[in-house]
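Data first, discussion second: the structure below is written as structure tokens.
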Amino acid sequence: MAIKLSVPVNGPITQLFGENPEFYKKWGYAGHNGIDYGIPNGTPVSAAVAGTVAAVSFENGGYGNYVKLSHTDGSKPYFTYYAHLASAAVSAGQKVKAGTVVGFSNNTGASTGPHLHFGVKIDGQNPAYKGYVDPMPFFTTGGEVDSGTTTSTDQFTDAVALPNLSFEVISDFLNVRNGPGVEFSIVTQLQKGAKITGKRLQSKSVWIEYEPGKWCAIAFNGIVNLKVK
């Protein structure tokens with residue numbers, strides 16, 4: 001069994017795991033210990049995976065209002081964190097499914113603007129981050145998540161197969177999202193010169209998928225991002 005998470009909110013990523021190491025030294029971390037999503041105040045925040053509410057608390061000068069969920073990967077425990085909330089929608093000890101609203105976003109604690117801080121912690125791992133690990137590799141789009149239900153493995157039925165066309169990123173950077181459109185969440189970025197092989201094309205908006213759940217626009221707002229190699 002492996003950890004499988006759904007993205008807790010639909011919004012742009014404003015800070016990735018490990019970024020801004022100098023800033024996070026004061027908290028004893030080697031860099032940012034989670035992923036930040038820039039979303040308006042009051043946005044519902046969903047549980048990324050089924051679990052039990054381990055804590056609903058407030059941390060002044062840190063997470064502000066936050067919810068901590070406990071989970072197991074086989075016999076191994078791990079935790080997810082949802083921080084800088086306006087309020088919680090769950091209580092300690094409550095069992096939740098993936099997708100259950102656990103709270104509403106805000107700007108409480110050590111925060112410079114409305115956002116959700118999402119973290120994953122596995123005690124004993126990644127000492128430089130006190131057990132926090134990068135959530136990104138655990139995100140899944142479609143397929144089975146640990147919620148007791150199974151969803152469709154392919155929600156983009158209008159996508160067509162590509163004959164493994166190779167592309168090169170020609171813009172300075174290119175956001176990669178978990179679906180073919182800007183309404184989907186950013187999951188990573190590609191830098192100029194990166195080479196990818198397209199697997200599918202969503203022809204309505206000219207987005208390509210190069211790995212499962214990783215989509216990028218060939219062109220957007222008149223700017224060409226990719227060229228065929």
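Every chain in the structure tokens takes a letter, A first, then B, and so on in the order presented; its residues are numbered from 1, and the ligands are numbered from 1 following the presented order.
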Considering only C-alpha atoms, give me a table of residues in range 51-154 of chain A that are at most 8 Å from range 17-40 of chain A, with the closest atom pair and distance in Å for each, as CSV.
residue,atom,partner,partner_atom,distance
A:Ser105,CA,A:Pro40,CA,7.2
A:Asn106,CA,A:Pro40,CA,7.4
A:Pro114,CA,A:Pro40,CA,5.9
A:His115,CA,A:Gly38,CA,4.5
A:Leu116,CA,A:Tyr37,CA,5.2
A:His117,CA,A:Asp36,CA,4.5
A:Phe118,CA,A:Ile35,CA,5.3
A:Gly119,CA,A:Gly34,CA,4.4
A:Val120,CA,A:Gly34,CA,7.0
A:Ala128,CA,A:Ala30,CA,5.5
A:Tyr129,CA,A:Tyr29,CA,5.0
A:Lys130,CA,A:Tyr29,CA,7.2
A:Tyr132,CA,A:Asn33,CA,6.0
A:Val133,CA,A:Asn33,CA,7.1
A:Asp134,CA,A:Phe17,CA,5.6
A:Pro135,CA,A:Gly34,CA,7.0
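Near range 175-180 of chain A, within 7 Å and counting only C-alpha atoms, sit Thr141, Ile186, Val187, Thr188, Gln189, Leu190, Gln202, Trp207, Gly213, Lys214, Trp215 and Cys216 of chain A; same-chain residues fewer than 6 positions away were not included.
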Could you save the residues just selected, with N, CA and C atoms, as a JSON list (two decimals), in the first residue's frame?
[["chain", "number", "residue", "atom", "x", "y", "z"],
["A", 141, "THR", "N", -4.73, 11.85, -9.36],
["A", 141, "THR", "CA", -5.91, 12.42, -10.00],
["A", 141, "THR", "C", -6.69, 11.28, -10.62],
["A", 186, "ILE", "N", -2.05, 23.60, -9.78],
["A", 186, "ILE", "CA", -0.66, 23.44, -10.19],
["A", 186, "ILE", "C", -0.02, 22.35, -9.34],
["A", 187, "VAL", "N", 0.63, 21.39, -9.99],
["A", 187, "VAL", "CA", 1.28, 20.31, -9.25],
["A", 187, "VAL", "C", 2.80, 20.42, -9.31],
["A", 188, "THR", "N", 3.34, 21.09, -10.30],
["A", 188, "THR", "CA", 4.78, 21.31, -10.40],
["A", 188, "THR", "C", 5.03, 22.33, -11.50],
["A", 189, "GLN", "N", 6.29, 22.61, -11.78],
["A", 189, "GLN", "CA", 6.66, 23.51, -12.86],
["A", 189, "GLN", "C", 7.77, 22.89, -13.70],
["A", 190, "LEU", "N", 7.77, 23.22, -14.97],
["A", 190, "LEU", "CA", 8.86, 22.85, -15.87],
["A", 190, "LEU", "C", 9.65, 24.11, -16.21],
["A", 202, "GLN", "N", -5.71, 17.30, -25.20],
["A", 202, "GLN", "CA", -7.07, 17.75, -24.97],
["A", 202, "GLN", "C", -7.30, 18.87, -25.98],
["A", 207, "TRP", "N", -4.14, 21.41, -24.54],
["A", 207, "TRP", "CA", -3.30, 21.00, -23.42],
["A", 207, "TRP", "C", -2.83, 19.58, -23.69],
["A", 213, "GLY", "N", -1.85, 12.58, -14.95],
["A", 213, "GLY", "CA", -2.18, 13.67, -14.05],
["A", 213, "GLY", "C", -1.30, 14.89, -14.19],
["A", 214, "LYS", "N", -0.49, 14.99, -15.25],
["A", 214, "LYS", "CA", 0.38, 16.15, -15.45],
["A", 214, "LYS", "C", 0.12, 16.73, -16.84],
["A", 215, "TRP", "N", -0.55, 17.91, -16.84],
["A", 215, "TRP", "CA", -0.97, 18.58, -18.07],
["A", 215, "TRP", "C", -0.33, 19.95, -18.16],
["A", 216, "CYS", "N", 0.02, 20.37, -19.38],
["A", 216, "CYS", "CA", 0.53, 21.72, -19.61],
["A", 216, "CYS", "C", 0.03, 22.24, -20.95]]
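The nearest approach to Glu168 in chain A among the residues A:Ile122, A:Val228, A:Ile218, A:Ala88, with only C-alpha atoms taken into account, belongs to A:Val228.
Between CA of Asn221 in chain A and CA of Arg200 in chain A the interatomic distance comes to 21.3 Å.
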Query raised in the report: Mind checking DSSP for range 12-227 of chain A and telling me the strand (DSSP E) residues as an MDAnalysis selection string?
Result: chainID A and resid 13:15 35:37 44:46 51:59 64:73 76:88 95:96 101:105 116:121 132:133 160:161 166:169 173:177 186:191 195:197 200:202 207:211 214:217 219:220 223:224 226:227
Query - A:Ala159, A:Ala89, A:Val96, A:Val49 ranked by distance to Thr72 in chain A, top pick (using only C-alpha atoms) - result: A:Val49
Query - Residue with smallest distance to Phe184 in chain A - pool A:Ala2, A:Pro12, A:Asp73, A:Ala50, counting only C-alpha atoms - result: A:Pro12
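What separates CA of Lys195 in chain A from CA of Leu5 in chain A is a distance of 27.0 Å.
Inside range 12-152 of chain A, the residues DSSP reads as helix (DSSP H, G or I) when given the backbone are Pro21, Glu22, Phe23, Tyr24, Lys25, Lys26, Trp27, Pro127, Ala128, Tyr129, Met136, Pro137 and Phe138 of chain A.
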Write the residues of the selection above to a file with N, CA and C atoms, as a CSV table (one decimal), in the first residue's frame.
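Dumped everything to again13.csv:
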chain,number,residue,atom,x,y,z
A,21,PRO,N,14.5,28.6,1.9
A,21,PRO,CA,15.2,28.0,3.1
A,21,PRO,C,15.6,29.1,4.1
A,22,GLU,N,16.1,30.2,3.7
A,22,GLU,CA,16.5,31.2,4.7
A,22,GLU,C,15.4,31.7,5.6
A,23,PHE,N,14.2,31.9,5.0
A,23,PHE,CA,13.1,32.3,5.8
A,23,PHE,C,12.7,31.3,6.9
A,24,TYR,N,12.8,30.1,6.5
A,24,TYR,CA,12.2,29.0,7.5
A,24,TYR,C,13.3,28.5,8.5
A,25,LYS,N,14.5,29.1,8.4
A,25,LYS,CA,15.5,28.7,9.4
A,25,LYS,C,15.0,29.0,10.8
A,26,LYS,N,14.2,30.1,11.0
A,26,LYS,CA,13.8,30.6,12.3
A,26,LYS,C,12.9,29.5,13.0
A,27,TRP,N,12.2,28.7,12.2
A,27,TRP,CA,11.4,27.6,12.7
A,27,TRP,C,12.1,26.3,12.8
A,127,PRO,N,14.7,14.3,8.6
A,127,PRO,CA,15.0,15.1,9.8
A,127,PRO,C,15.2,16.6,9.6
A,128,ALA,N,15.7,17.0,8.5
A,128,ALA,CA,15.8,18.4,8.2
A,128,ALA,C,14.5,19.2,8.2
A,129,TYR,N,13.4,18.5,8.1
A,129,TYR,CA,12.1,19.1,8.1
A,129,TYR,C,11.2,18.5,9.2
A,136,MET,N,3.7,16.4,-2.8
A,136,MET,CA,3.5,16.3,-4.2
A,136,MET,C,3.5,14.9,-4.8
A,137,PRO,N,4.5,14.1,-4.4
A,137,PRO,CA,4.5,12.7,-5.0
A,137,PRO,C,3.4,11.9,-4.7
A,138,PHE,N,2.6,12.3,-3.6
A,138,PHE,CA,1.5,11.4,-3.2
A,138,PHE,C,0.2,11.8,-3.8
Query raised in the report: So which residues touch range 66-69 of chain A within 6 Å, counting only C-alpha atoms, skipping near sequence neighbours fewer than 2 positions away, as a ChimeraX atom specification?
Result: /A:52-57,79-83,85
Report task. For each of A:Ile208, A:Gly124, A:Lys97, A:Gly193, take the minimum atom-to-atom distance to Pro163 in chain A, counting only C-alpha atoms, then give the residue where this is smallest. Result -> A:Ile208
Query raised in the report: Can you list, as JSON, numbers by chain, every protein, DNA or RNA residue that comes within 7 Å of Ala110 in chain A when you count only C-alpha atoms, leaving out same-chain residues fewer than 3 positions away?
Result: {"A": [61, 62, 63, 64]}
Kindly save the residues from that selection, with C-alpha atoms included, as a compact mmCIF listing (two decimals), in the first residue's frame.
# COMPACT_ATOMS: atom_id res chain seq x y z
CA GLY A 61 3.00 32.76 15.22
CA GLY A 62 2.77 29.57 13.19
CA TYR A 63 -0.13 27.58 11.77
CA GLY A 64 -2.87 29.74 13.29
Query - Test item: residues at most 9 Å from Phe220 in chain A, only C-alpha atoms, excluding those fewer than 4 positions along its chain, as a PyMOL selection string - result: chain A and resi 206+224-225
